[in-house]
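Source file: run.pdb (PDB, C-alpha atoms)
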MODEL        1
ATOM      1  CA  MET A 512     -11.419 -35.336  53.350
ATOM      2  CA  THR A 513     -11.655 -38.260  50.929
ATOM      3  CA  ALA A 514      -9.591 -38.542  47.778
ATOM      4  CA  GLU A 515     -12.778 -38.192  45.709
ATOM      5  CA  THR A 516     -13.762 -34.959  47.446
ATOM      6  CA  SER A 517     -10.274 -33.512  46.988
ATOM      7  CA  GLN A 518     -10.314 -34.410  43.303
ATOM      8  CA  THR A 519     -13.691 -32.725  42.811
ATOM      9  CA  LEU A 520     -12.493 -29.553  44.524
ATOM     10  CA  ASP A 521      -9.328 -29.567  42.450
ATOM     11  CA  ARG A 522     -11.322 -29.868  39.242
ATOM     12  CA  GLY A 523     -13.704 -27.108  40.282
ATOM     13  CA  LEU A 524     -10.813 -24.742  40.941
ATOM     14  CA  LYS A 525      -9.281 -25.635  37.592
ATOM     15  CA  VAL A 526     -12.578 -24.765  35.910
ATOM     16  CA  LEU A 527     -12.532 -21.316  37.535
ATOM     17  CA  LYS A 528      -8.928 -20.743  36.470
ATOM     18  CA  LEU A 529      -9.662 -21.791  32.888
ATOM     19  CA  LEU A 530     -12.670 -19.478  32.711
ATOM     20  CA  ALA A 531     -10.719 -16.604  34.258
ATOM     21  CA  ASP A 532      -8.138 -16.887  31.481
ATOM     22  CA  THR A 533     -10.627 -16.364  28.648
ATOM     23  CA  ASP A 534     -12.791 -13.402  27.654
ATOM     24  CA  HIS A 535     -15.285 -15.358  25.552
ATOM     25  CA  GLY A 536     -16.074 -18.249  27.880
ATOM     26  CA  LEU A 537     -15.750 -21.992  27.251
ATOM     27  CA  THR A 538     -18.210 -24.680  26.253
ATOM     28  CA  VAL A 539     -18.727 -27.896  28.197
ATOM     29  CA  THR A 540     -16.884 -29.773  25.452
ATOM     30  CA  GLU A 541     -13.930 -27.382  25.599
ATOM     31  CA  LEU A 542     -13.728 -27.642  29.380
ATOM     32  CA  ALA A 543     -13.952 -31.427  29.260
ATOM     33  CA  GLY A 544     -11.083 -31.529  26.785
ATOM     34  CA  ARG A 545      -8.851 -29.257  28.831
ATOM     35  CA  LEU A 546      -9.588 -31.091  32.073
ATOM     36  CA  GLY A 547      -9.314 -34.535  30.510
ATOM     37  CA  VAL A 548     -12.691 -35.672  31.860
ATOM     38  CA  ASN A 549     -16.050 -36.546  30.309
ATOM     39  CA  ARG A 550     -18.819 -34.022  29.753
ATOM     40  CA  THR A 551     -20.948 -35.397  32.597
ATOM     41  CA  VAL A 552     -18.278 -34.451  35.124
ATOM     42  CA  VAL A 553     -18.105 -30.922  33.711
ATOM     43  CA  TYR A 554     -21.899 -30.527  33.844
ATOM     44  CA  ARG A 555     -21.847 -31.440  37.542
ATOM     45  CA  LEU A 556     -18.979 -29.070  38.296
ATOM     46  CA  LEU A 557     -20.678 -26.190  36.502
ATOM     47  CA  ALA A 558     -24.008 -26.853  38.224
ATOM     48  CA  THR A 559     -22.333 -26.635  41.645
ATOM     49  CA  LEU A 560     -20.377 -23.501  40.756
ATOM     50  CA  GLU A 561     -23.532 -21.887  39.369
ATOM     51  CA  GLN A 562     -25.325 -22.472  42.664
ATOM     52  CA  HIS A 563     -22.686 -20.291  44.331
ATOM     53  CA  ALA A 564     -22.785 -17.685  41.511
ATOM     54  CA  LEU A 565     -19.136 -18.417  40.703
ATOM     55  CA  VAL A 566     -20.010 -19.439  37.147
ATOM     56  CA  ARG A 567     -22.755 -18.383  34.748
ATOM     57  CA  ARG A 568     -23.745 -19.792  31.364
ATOM     58  CA  ASP A 569     -24.968 -17.611  28.497
ATOM     59  CA  LEU A 570     -27.747 -18.435  26.032
ATOM     60  CA  GLY A 571     -25.229 -20.183  23.799
ATOM     61  CA  GLY A 572     -24.181 -22.491  26.611
ATOM     62  CA  ARG A 573     -20.728 -21.007  27.113
ATOM     63  CA  ALA A 574     -19.578 -20.859  30.725
ATOM     64  CA  ARG A 575     -18.062 -17.679  32.133
ATOM     65  CA  VAL A 576     -16.877 -16.466  35.516
ATOM     66  CA  GLY A 577     -19.857 -15.352  37.622
ATOM     67  CA  LEU A 578     -20.392 -12.269  39.756
ATOM     68  CA  GLY A 579     -19.861 -14.325  42.900
ATOM     69  CA  VAL A 580     -16.155 -14.160  42.183
ATOM     70  CA  LEU A 581     -16.295 -10.375  42.575
ATOM     71  CA  ARG A 582     -17.788 -10.732  46.052
ATOM     72  CA  LEU A 583     -14.920 -13.024  46.996
ATOM     73  CA  ALA A 584     -12.421 -10.610  45.483
ATOM     74  CA  HIS A 585     -13.666  -7.770  47.709
ATOM     75  CA  GLN A 586     -12.613  -9.854  50.703
ATOM     76  CA  VAL A 587      -9.085 -10.188  49.347
ATOM     77  CA  HIS A 588      -8.157  -6.547  49.932
ATOM     78  CA  PRO A 589      -8.196  -6.819  53.757
ATOM     79  CA  LEU A 590      -5.945  -9.875  53.556
ATOM     80  CA  LEU A 591      -3.508  -8.124  51.231
ATOM     81  CA  ARG A 592      -3.565  -5.046  53.447
ATOM     82  CA  GLU A 593      -2.739  -7.060  56.556
ATOM     83  CA  ALA A 594       0.165  -8.817  54.841
ATOM     84  CA  ALA A 595       1.613  -5.570  53.470
ATOM     85  CA  LEU A 596       1.320  -3.345  56.550
ATOM     86  CA  PRO A 597       4.613  -4.325  58.276
ATOM     87  CA  ALA A 598       6.669  -3.440  55.204
ATOM     88  CA  LEU A 599       4.671  -0.251  54.613
ATOM     89  CA  ARG A 600       5.123   0.896  58.224
ATOM     90  CA  SER A 601       8.858   0.331  57.988
ATOM     91  CA  LEU A 602       9.029   2.209  54.695
ATOM     92  CA  ALA A 603       7.020   5.183  55.972
ATOM     93  CA  GLU A 604       9.129   5.493  59.123
ATOM     94  CA  ASP A 605      12.436   5.085  57.276
ATOM     95  CA  VAL A 606      11.844   7.770  54.657
ATOM     96  CA  GLY A 607       9.395  10.044  56.474
ATOM     97  CA  ALA A 608       6.761   9.856  53.763
ATOM     98  CA  THR A 609       3.322   8.347  53.264
ATOM     99  CA  ALA A 610       3.640   4.756  52.030
ATOM    100  CA  HIS A 611       0.979   2.855  50.132
ATOM    101  CA  LEU A 612       0.064  -0.433  48.483
ATOM    102  CA  THR A 613      -1.838   0.138  45.245
ATOM    103  CA  LEU A 614      -3.646  -2.495  43.162
ATOM    104  CA  VAL A 615      -5.226  -2.514  39.729
ATOM    105  CA  ASP A 616      -8.991  -2.000  39.706
ATOM    106  CA  GLY A 617     -10.225  -1.968  36.121
ATOM    107  CA  ASN A 618      -8.384   0.889  34.405
ATOM    108  CA  ASP A 619      -7.582   2.583  37.716
ATOM    109  CA  ALA A 620      -4.956   2.344  40.404
ATOM    110  CA  LEU A 621      -6.632   1.833  43.797
ATOM    111  CA  ALA A 622      -4.873   2.441  47.118
ATOM    112  CA  VAL A 623      -5.767  -0.483  49.402
ATOM    113  CA  ALA A 624      -3.324   0.191  52.252
ATOM    114  CA  VAL A 625      -1.789   3.475  53.425
ATOM    115  CA  VAL A 626       0.629   4.183  56.279
ATOM    116  CA  GLU A 627       1.676   7.697  57.333
ATOM    117  CA  PRO A 628       4.943   8.391  59.181
ATOM    118  CA  SER A 629       4.649   9.079  62.901
ATOM    119  CA  TRP A 630       7.534  11.489  63.359
ATOM    120  CA  THR A 631       7.198  14.121  60.612
ATOM    121  CA  ASP A 632       5.738  17.599  61.101
ATOM    122  CA  TYR A 633       3.761  17.320  57.868
ATOM    123  CA  HIS A 634       3.142  14.757  55.147
ATOM    124  CA  VAL A 635       0.858  14.171  52.184
ATOM    125  CA  ALA A 636      -2.657  13.006  53.078
ATOM    126  CA  TYR A 637      -3.207   9.902  50.963
ATOM    127  CA  ARG A 638      -6.207   7.790  51.895
ATOM    128  CA  THR A 639      -7.199   4.173  51.456
ATOM    129  CA  GLY A 640      -9.696   4.004  48.602
ATOM    130  CA  PHE A 641      -8.056   6.817  46.622
ATOM    131  CA  ARG A 642      -8.044   5.958  42.934
ATOM    132  CA  HIS A 643      -6.574   7.468  39.800
ATOM    133  CA  PRO A 644      -5.922   6.405  36.195
ATOM    134  CA  LEU A 645      -3.047   3.971  35.721
ATOM    135  CA  GLU A 646      -1.443   6.434  33.310
ATOM    136  CA  ARG A 647      -1.032   9.082  36.026
ATOM    137  CA  GLY A 648       1.053   8.937  39.184
ATOM    138  CA  ALA A 649       3.979   6.746  40.148
ATOM    139  CA  ALA A 650       1.852   3.891  41.500
ATOM    140  CA  GLY A 651      -0.025   3.349  38.237
ATOM    141  CA  LYS A 652       2.981   3.927  36.006
ATOM    142  CA  ALA A 653       4.995   1.350  37.952
ATOM    143  CA  ILE A 654       2.265  -1.217  37.258
ATOM    144  CA  LEU A 655       2.239  -0.330  33.561
ATOM    145  CA  ARG A 656       6.010  -0.649  33.436
ATOM    146  CA  ALA A 657       5.751  -4.137  34.922
ATOM    147  CA  ARG A 658       3.261  -5.043  32.189
ATOM    148  CA  GLU A 659       5.668  -3.790  29.538
ATOM    149  CA  ARG A 660       8.507  -5.855  30.975
ATOM    150  CA  ALA A 661       6.302  -8.948  31.099
ATOM    151  CA  ALA A 662       5.458  -8.468  27.405
ATOM    152  CA  GLN A 663       9.096  -8.251  26.338
ATOM    153  CA  PRO A 664      10.560 -11.137  24.308
ATOM    154  CA  LEU A 665      12.286 -13.679  26.517
ATOM    155  CA  ALA A 666      15.670 -12.818  25.032
ATOM    156  CA  THR A 667      15.455  -9.259  26.388
ATOM    157  CA  VAL A 668      14.290 -10.193  29.896
ATOM    158  CA  PRO A 669      17.074 -10.426  32.528
ATOM    159  CA  PRO A 670      17.829 -14.002  33.688
ATOM    160  CA  GLN A 671      15.826 -15.237  36.646
ATOM    161  CA  PRO A 672      17.572 -15.793  39.988
ATOM    162  CA  ARG A 673      18.606 -19.308  40.925
ATOM    163  CA  ASP A 674      16.984 -21.170  43.793
ATOM    164  CA  GLY A 675      18.058 -19.610  47.057
ATOM    165  CA  ASP A 676      18.983 -16.269  45.493
ATOM    166  CA  ARG A 677      17.104 -13.135  46.509
ATOM    167  CA  PRO A 678      15.180 -11.806  43.467
ATOM    168  CA  THR A 679      16.342  -8.539  41.916
ATOM    169  CA  PRO A 680      14.155  -5.651  43.134
ATOM    170  CA  PRO A 681      11.858  -4.296  40.414
ATOM    171  CA  PRO A 682      12.772  -0.861  38.977
ATOM    172  CA  TYR A 683      11.020   2.181  40.393
ATOM    173  CA  VAL A 684       9.146   5.060  38.761
ATOM    174  CA  LEU A 685       9.361   8.719  39.768
ATOM    175  CA  THR A 686       6.728  11.401  39.166
ATOM    176  CA  HIS A 687       6.123  14.977  40.271
ATOM    177  CA  GLY A 688       2.905  16.953  40.478
ATOM    178  CA  GLU A 689       0.799  14.455  38.526
ATOM    179  CA  LEU A 690      -1.748  13.810  41.259
ATOM    180  CA  GLU A 691      -1.198  16.717  43.631
ATOM    181  CA  ALA A 692       0.634  19.998  43.074
ATOM    182  CA  GLY A 693       3.994  20.042  44.817
ATOM    183  CA  ALA A 694       3.993  16.330  45.611
ATOM    184  CA  SER A 695       6.437  13.782  44.262
ATOM    185  CA  GLY A 696       5.981  10.034  44.147
ATOM    186  CA  ALA A 697       8.092   6.921  43.815
ATOM    187  CA  ALA A 698       6.718   3.433  43.266
ATOM    188  CA  ALA A 699       7.926  -0.022  42.312
ATOM    189  CA  PRO A 700       5.747  -2.886  41.039
ATOM    190  CA  LEU A 701       5.021  -6.078  42.899
ATOM    191  CA  SER A 702       6.769  -9.066  41.387
ATOM    192  CA  GLY A 703       6.025 -12.766  41.311
ATOM    193  CA  VAL A 704       2.605 -12.511  42.979
ATOM    194  CA  THR A 705       0.239 -14.709  40.976
ATOM    195  CA  GLY A 706      -3.041 -13.038  40.079
ATOM    196  CA  VAL A 707      -2.165  -9.680  41.655
ATOM    197  CA  GLU A 708      -1.068  -6.529  39.833
ATOM    198  CA  GLY A 709       0.098  -3.771  42.114
ATOM    199  CA  SER A 710       2.838  -1.508  43.353
ATOM    200  CA  VAL A 711       4.351  -0.159  46.545
ATOM    201  CA  GLY A 712       5.237   3.488  46.745
ATOM    202  CA  VAL A 713       5.602   6.705  48.701
ATOM    203  CA  VAL A 714       4.326  10.227  48.172
ATOM    204  CA  MET A 715       6.037  13.278  49.666
ATOM    205  CA  LEU A 716       5.984  17.058  49.505
ATOM    206  CA  ALA A 717       9.202  17.630  47.598
ATOM    207  CA  ASP A 718      10.440  18.797  44.223
ATOM    208  CA  ALA A 719      12.157  15.461  43.682
ATOM    209  CA  VAL A 720      12.477  12.086  45.388
ATOM    210  CA  PRO A 721      15.945  11.443  46.860
ATOM    211  CA  GLU A 722      17.798   8.529  45.293
ATOM    212  CA  ARG A 723      17.928   6.605  48.559
ATOM    213  CA  VAL A 724      14.130   6.744  48.774
ATOM    214  CA  GLY A 725      13.761   5.164  45.363
ATOM    215  CA  ALA A 726      16.054   2.328  46.398
ATOM    216  CA  ARG A 727      14.116   1.866  49.640
ATOM    217  CA  VAL A 728      10.827   1.720  47.732
ATOM    218  CA  MET A 729      12.212  -1.085  45.550
ATOM    219  CA  GLU A 730      13.220  -2.982  48.667
ATOM    220  CA  ALA A 731       9.771  -2.531  50.216
ATOM    221  CA  ALA A 732       8.051  -3.713  47.010
ATOM    222  CA  LEU A 733      10.118  -6.876  47.179
ATOM    223  CA  GLU A 734       9.244  -7.360  50.866
ATOM    224  CA  VAL A 735       5.524  -6.993  50.165
ATOM    225  CA  SER A 736       5.760  -9.316  47.164
ATOM    226  CA  GLU A 737       7.350 -11.999  49.332
ATOM    227  CA  ALA A 738       4.687 -11.531  52.017
ATOM    228  CA  LEU A 739       1.926 -12.034  49.460
ATOM    229  CA  ARG A 740       3.320 -15.167  47.846
TER     230      ARG A 740
ENDMDL
END
So, in terms of structure tokens, how does the structure I just supplied come out?
Amino acid sequence: MTAETSQTLDRGLKVLKLLADTDHGLTVTELAGRLGVNRTVVYRLLATLEQHALVRRDLGGRARVGLGVLRLAHQVHPLLREAALPALRSLAEDVGATAHLTLVDGNDALAVAVVEPSWTDYHVAYRTGFRHPLERGAAGKAILRARERAAQPLATVPPQPRDGDRPTPPPYVLTHGELEAGASGAAAPLSGVTGVEGSVGVVMLADAVPERVGARVMEAALEVSEALR
């Protein structure tokens, strides 16, 4: 690959990232200013991205992320699932409960990977594709808690680990009976995974989640986060 080709690809990806970070789109002039290139370069980048439906321009000429990005995003779930499965299997077997990876999908929490324990007589049936509001259930509430922590002033956020240190596991959330009568859940948010909001959790038929399970869920969330980085 030539240096020119690499530079063009780099600029195209930067355009997509800039557009993804705004709700109202950007003009050619605004993109040119942020990229530090002339308008002709931006026109060419947008024309190529439009051909692949990754960018669209409205009647006012503002560029926005196109629907083609959604088609690419649908292919991300299998990759995330594959990366998370080892940690989920270990979690399910260790605690004897159904383990899951849940991601944000609009205003919902969507289960994209589920592993059931192999040795228990009974467990909660929790299927891939199951969705529920973020405000209900441990998986969604863990994600919302992570958002709250991210919005805190820097002075109130715990110091980050130094290079070589293992990051502190994210806190977990406990719920009971919010999604299924008699079932309890524990979940901890993913941390440090750029562009991905999600959580790792378990659901079990119990009045309460044992303390050791909550700690194990935090550990699994950290393992999945590291696998996805």
**OP:** Evaluate the PyMOL selection byres ((chain A and resi 613) around 8) and record the selected residues as a ChimeraX atom specification, following the chain and residue labels used in the document.
**Re:** /A:611-612,614-615,620-624,650-651,709-712
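Close contacts of A:Leu560, defined as residues with an atom at most 9 Å away when counting only C-alpha atoms, with chain neighbours fewer than 5 positions off set aside, comprise Gly523, Leu527, Arg555, Leu565, Val566, Arg567 and Gly577 of chain A.
Matched in the shown structure by the PyMOL selection byres ((chain A and resi 531-545) around 9): Val526, Leu527, Lys528, Leu529, Leu530, Leu546, Gly547, Val548, Asn549, Arg550, Thr551, Val552, Val553, Tyr554, Leu557, Arg568, Asp569, Gly571, Gly572, Arg573, Ala574, Arg575 and Val576 of chain A.
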Starting from the PyMOL selection byres ((chain A and resi 690-696) around 10), expand the selection into actual residues of this file and give them as a PDB file with C-alpha atoms, keeping the file's coordinate frame.
ATOM      1  CA  ALA A 608       6.761   9.856  53.763  1.00  0.00           C
ATOM      2  CA  THR A 609       3.322   8.347  53.264  1.00  0.00           C
ATOM      3  CA  ALA A 610       3.640   4.756  52.030  1.00  0.00           C
ATOM      4  CA  HIS A 634       3.142  14.757  55.147  1.00  0.00           C
ATOM      5  CA  VAL A 635       0.858  14.171  52.184  1.00  0.00           C
ATOM      6  CA  HIS A 643      -6.574   7.468  39.800  1.00  0.00           C
ATOM      7  CA  PRO A 644      -5.922   6.405  36.195  1.00  0.00           C
ATOM      8  CA  ARG A 647      -1.032   9.082  36.026  1.00  0.00           C
ATOM      9  CA  GLY A 648       1.053   8.937  39.184  1.00  0.00           C
ATOM     10  CA  ALA A 649       3.979   6.746  40.148  1.00  0.00           C
ATOM     11  CA  ALA A 650       1.852   3.891  41.500  1.00  0.00           C
ATOM     12  CA  VAL A 684       9.146   5.060  38.761  1.00  0.00           C
ATOM     13  CA  LEU A 685       9.361   8.719  39.768  1.00  0.00           C
ATOM     14  CA  THR A 686       6.728  11.401  39.166  1.00  0.00           C
ATOM     15  CA  HIS A 687       6.123  14.977  40.271  1.00  0.00           C
ATOM     16  CA  GLY A 688       2.905  16.953  40.478  1.00  0.00           C
ATOM     17  CA  GLU A 689       0.799  14.455  38.526  1.00  0.00           C
ATOM     18  CA  ALA A 697       8.092   6.921  43.815  1.00  0.00           C
ATOM     19  CA  ALA A 698       6.718   3.433  43.266  1.00  0.00           C
ATOM     20  CA  GLY A 712       5.237   3.488  46.745  1.00  0.00           C
ATOM     21  CA  VAL A 713       5.602   6.705  48.701  1.00  0.00           C
ATOM     22  CA  VAL A 714       4.326  10.227  48.172  1.00  0.00           C
ATOM     23  CA  MET A 715       6.037  13.278  49.666  1.00  0.00           C
ATOM     24  CA  LEU A 716       5.984  17.058  49.505  1.00  0.00           C
ATOM     25  CA  ALA A 717       9.202  17.630  47.598  1.00  0.00           C
ATOM     26  CA  ASP A 718      10.440  18.797  44.223  1.00  0.00           C
ATOM     27  CA  ALA A 719      12.157  15.461  43.682  1.00  0.00           C
ATOM     28  CA  VAL A 720      12.477  12.086  45.388  1.00  0.00           C
ATOM     29  CA  VAL A 724      14.130   6.744  48.774  1.00  0.00           C
ATOM     30  CA  GLY A 725      13.761   5.164  45.363  1.00  0.00           C
TER      31      GLY A 725
END
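For A:Ala699, the non-local neighbours within 6 Å, defined as residues at least 5 positions apart in the same chain or in other chains and counting all atoms listed in the file, are Ala653, Pro682, Tyr683, Ser710, Val711, Met729 and Ala732 of chain A.
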Provide stretch 574-596 of chain A rebuilt to N, CA, C and O atoms, formatted as a PDB file, keeping the file's coordinate frame.
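Listed below is the output, selection.pdb:
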ATOM      1  N   ALA A 574     -19.747 -21.167  29.305  1.00  0.00           N
ATOM      2  CA  ALA A 574     -19.578 -20.859  30.725  1.00  0.00           C
ATOM      3  C   ALA A 574     -18.599 -19.704  30.895  1.00  0.00           C
ATOM      4  O   ALA A 574     -17.587 -19.618  30.189  1.00  0.00           O
ATOM      5  N   ARG A 575     -18.915 -18.831  31.828  1.00  0.00           N
ATOM      6  CA  ARG A 575     -18.062 -17.679  32.133  1.00  0.00           C
ATOM      7  C   ARG A 575     -17.977 -17.520  33.644  1.00  0.00           C
ATOM      8  O   ARG A 575     -18.815 -18.048  34.382  1.00  0.00           O
ATOM      9  N   VAL A 576     -17.004 -16.760  34.085  1.00  0.00           N
ATOM     10  CA  VAL A 576     -16.877 -16.466  35.516  1.00  0.00           C
ATOM     11  C   VAL A 576     -18.093 -15.662  35.961  1.00  0.00           C
ATOM     12  O   VAL A 576     -18.517 -14.717  35.288  1.00  0.00           O
ATOM     13  N   GLY A 577     -18.670 -16.019  37.118  1.00  0.00           N
ATOM     14  CA  GLY A 577     -19.857 -15.352  37.622  1.00  0.00           C
ATOM     15  C   GLY A 577     -19.548 -14.208  38.563  1.00  0.00           C
ATOM     16  O   GLY A 577     -18.403 -14.019  38.999  1.00  0.00           O
ATOM     17  N   LEU A 578     -20.561 -13.433  38.889  1.00  0.00           N
ATOM     18  CA  LEU A 578     -20.392 -12.269  39.756  1.00  0.00           C
ATOM     19  C   LEU A 578     -20.007 -12.651  41.176  1.00  0.00           C
ATOM     20  O   LEU A 578     -19.494 -11.823  41.928  1.00  0.00           O
ATOM     21  N   GLY A 579     -20.253 -13.887  41.563  1.00  0.00           N
ATOM     22  CA  GLY A 579     -19.861 -14.325  42.900  1.00  0.00           C
ATOM     23  C   GLY A 579     -18.372 -14.209  43.137  1.00  0.00           C
ATOM     24  O   GLY A 579     -17.919 -14.025  44.269  1.00  0.00           O
ATOM     25  N   VAL A 580     -17.609 -14.302  42.060  1.00  0.00           N
ATOM     26  CA  VAL A 580     -16.155 -14.160  42.183  1.00  0.00           C
ATOM     27  C   VAL A 580     -15.795 -12.745  42.628  1.00  0.00           C
ATOM     28  O   VAL A 580     -14.844 -12.540  43.382  1.00  0.00           O
ATOM     29  N   LEU A 581     -16.557 -11.755  42.167  1.00  0.00           N
ATOM     30  CA  LEU A 581     -16.295 -10.375  42.575  1.00  0.00           C
ATOM     31  C   LEU A 581     -16.506 -10.198  44.073  1.00  0.00           C
ATOM     32  O   LEU A 581     -15.746  -9.485  44.738  1.00  0.00           O
ATOM     33  N   ARG A 582     -17.542 -10.841  44.606  1.00  0.00           N
ATOM     34  CA  ARG A 582     -17.788 -10.732  46.052  1.00  0.00           C
ATOM     35  C   ARG A 582     -16.630 -11.336  46.843  1.00  0.00           C
ATOM     36  O   ARG A 582     -16.237 -10.816  47.891  1.00  0.00           O
ATOM     37  N   LEU A 583     -16.090 -12.434  46.334  1.00  0.00           N
ATOM     38  CA  LEU A 583     -14.920 -13.024  46.996  1.00  0.00           C
ATOM     39  C   LEU A 583     -13.710 -12.099  46.876  1.00  0.00           C
ATOM     40  O   LEU A 583     -12.936 -11.955  47.823  1.00  0.00           O
ATOM     41  N   ALA A 584     -13.572 -11.481  45.708  1.00  0.00           N
ATOM     42  CA  ALA A 584     -12.421 -10.610  45.483  1.00  0.00           C
ATOM     43  C   ALA A 584     -12.408  -9.424  46.436  1.00  0.00           C
ATOM     44  O   ALA A 584     -11.341  -8.973  46.871  1.00  0.00           O
ATOM     45  N   HIS A 585     -13.611  -8.907  46.786  1.00  0.00           N
ATOM     46  CA  HIS A 585     -13.666  -7.770  47.709  1.00  0.00           C
ATOM     47  C   HIS A 585     -13.094  -8.144  49.076  1.00  0.00           C
ATOM     48  O   HIS A 585     -12.642  -7.272  49.823  1.00  0.00           O
ATOM     49  N   GLN A 586     -13.144  -9.419  49.419  1.00  0.00           N
ATOM     50  CA  GLN A 586     -12.613  -9.854  50.703  1.00  0.00           C
ATOM     51  C   GLN A 586     -11.105 -10.046  50.674  1.00  0.00           C
ATOM     52  O   GLN A 586     -10.482 -10.258  51.708  1.00  0.00           O
ATOM     53  N   VAL A 587     -10.524  -9.987  49.475  1.00  0.00           N
ATOM     54  CA  VAL A 587      -9.085 -10.188  49.347  1.00  0.00           C
ATOM     55  C   VAL A 587      -8.322  -8.962  49.818  1.00  0.00           C
ATOM     56  O   VAL A 587      -7.250  -9.071  50.413  1.00  0.00           O
ATOM     57  N   HIS A 588      -8.873  -7.772  49.572  1.00  0.00           N
ATOM     58  CA  HIS A 588      -8.157  -6.547  49.932  1.00  0.00           C
ATOM     59  C   HIS A 588      -7.745  -6.505  51.400  1.00  0.00           C
ATOM     60  O   HIS A 588      -6.599  -6.142  51.708  1.00  0.00           O
ATOM     61  N   PRO A 589      -8.639  -6.837  52.358  1.00  0.00           N
ATOM     62  CA  PRO A 589      -8.196  -6.819  53.757  1.00  0.00           C
ATOM     63  C   PRO A 589      -7.039  -7.771  54.032  1.00  0.00           C
ATOM     64  O   PRO A 589      -6.149  -7.460  54.828  1.00  0.00           O
ATOM     65  N   LEU A 590      -7.029  -8.922  53.363  1.00  0.00           N
ATOM     66  CA  LEU A 590      -5.945  -9.875  53.556  1.00  0.00           C
ATOM     67  C   LEU A 590      -4.632  -9.331  53.001  1.00  0.00           C
ATOM     68  O   LEU A 590      -3.574  -9.448  53.632  1.00  0.00           O
ATOM     69  N   LEU A 591      -4.705  -8.719  51.819  1.00  0.00           N
ATOM     70  CA  LEU A 591      -3.508  -8.124  51.231  1.00  0.00           C
ATOM     71  C   LEU A 591      -3.001  -6.980  52.094  1.00  0.00           C
ATOM     72  O   LEU A 591      -1.793  -6.820  52.301  1.00  0.00           O
ATOM     73  N   ARG A 592      -3.937  -6.179  52.607  1.00  0.00           N
ATOM     74  CA  ARG A 592      -3.565  -5.046  53.447  1.00  0.00           C
ATOM     75  C   ARG A 592      -2.821  -5.517  54.696  1.00  0.00           C
ATOM     76  O   ARG A 592      -1.775  -4.974  55.057  1.00  0.00           O
ATOM     77  N   GLU A 593      -3.356  -6.548  55.333  1.00  0.00           N
ATOM     78  CA  GLU A 593      -2.739  -7.060  56.556  1.00  0.00           C
ATOM     79  C   GLU A 593      -1.329  -7.582  56.289  1.00  0.00           C
ATOM     80  O   GLU A 593      -0.411  -7.345  57.079  1.00  0.00           O
ATOM     81  N   ALA A 594      -1.153  -8.267  55.161  1.00  0.00           N
ATOM     82  CA  ALA A 594       0.165  -8.817  54.841  1.00  0.00           C
ATOM     83  C   ALA A 594       1.173  -7.726  54.510  1.00  0.00           C
ATOM     84  O   ALA A 594       2.370  -7.865  54.790  1.00  0.00           O
ATOM     85  N   ALA A 595       0.700  -6.623  53.919  1.00  0.00           N
ATOM     86  CA  ALA A 595       1.613  -5.570  53.470  1.00  0.00           C
ATOM     87  C   ALA A 595       1.957  -4.558  54.543  1.00  0.00           C
ATOM     88  O   ALA A 595       2.980  -3.858  54.441  1.00  0.00           O
ATOM     89  N   LEU A 596       1.143  -4.431  55.585  1.00  0.00           N
ATOM     90  CA  LEU A 596       1.320  -3.345  56.550  1.00  0.00           C
ATOM     91  C   LEU A 596       2.690  -3.302  57.218  1.00  0.00           C
ATOM     92  O   LEU A 596       3.251  -2.209  57.387  1.00  0.00           O
TER      93      LEU A 596
END
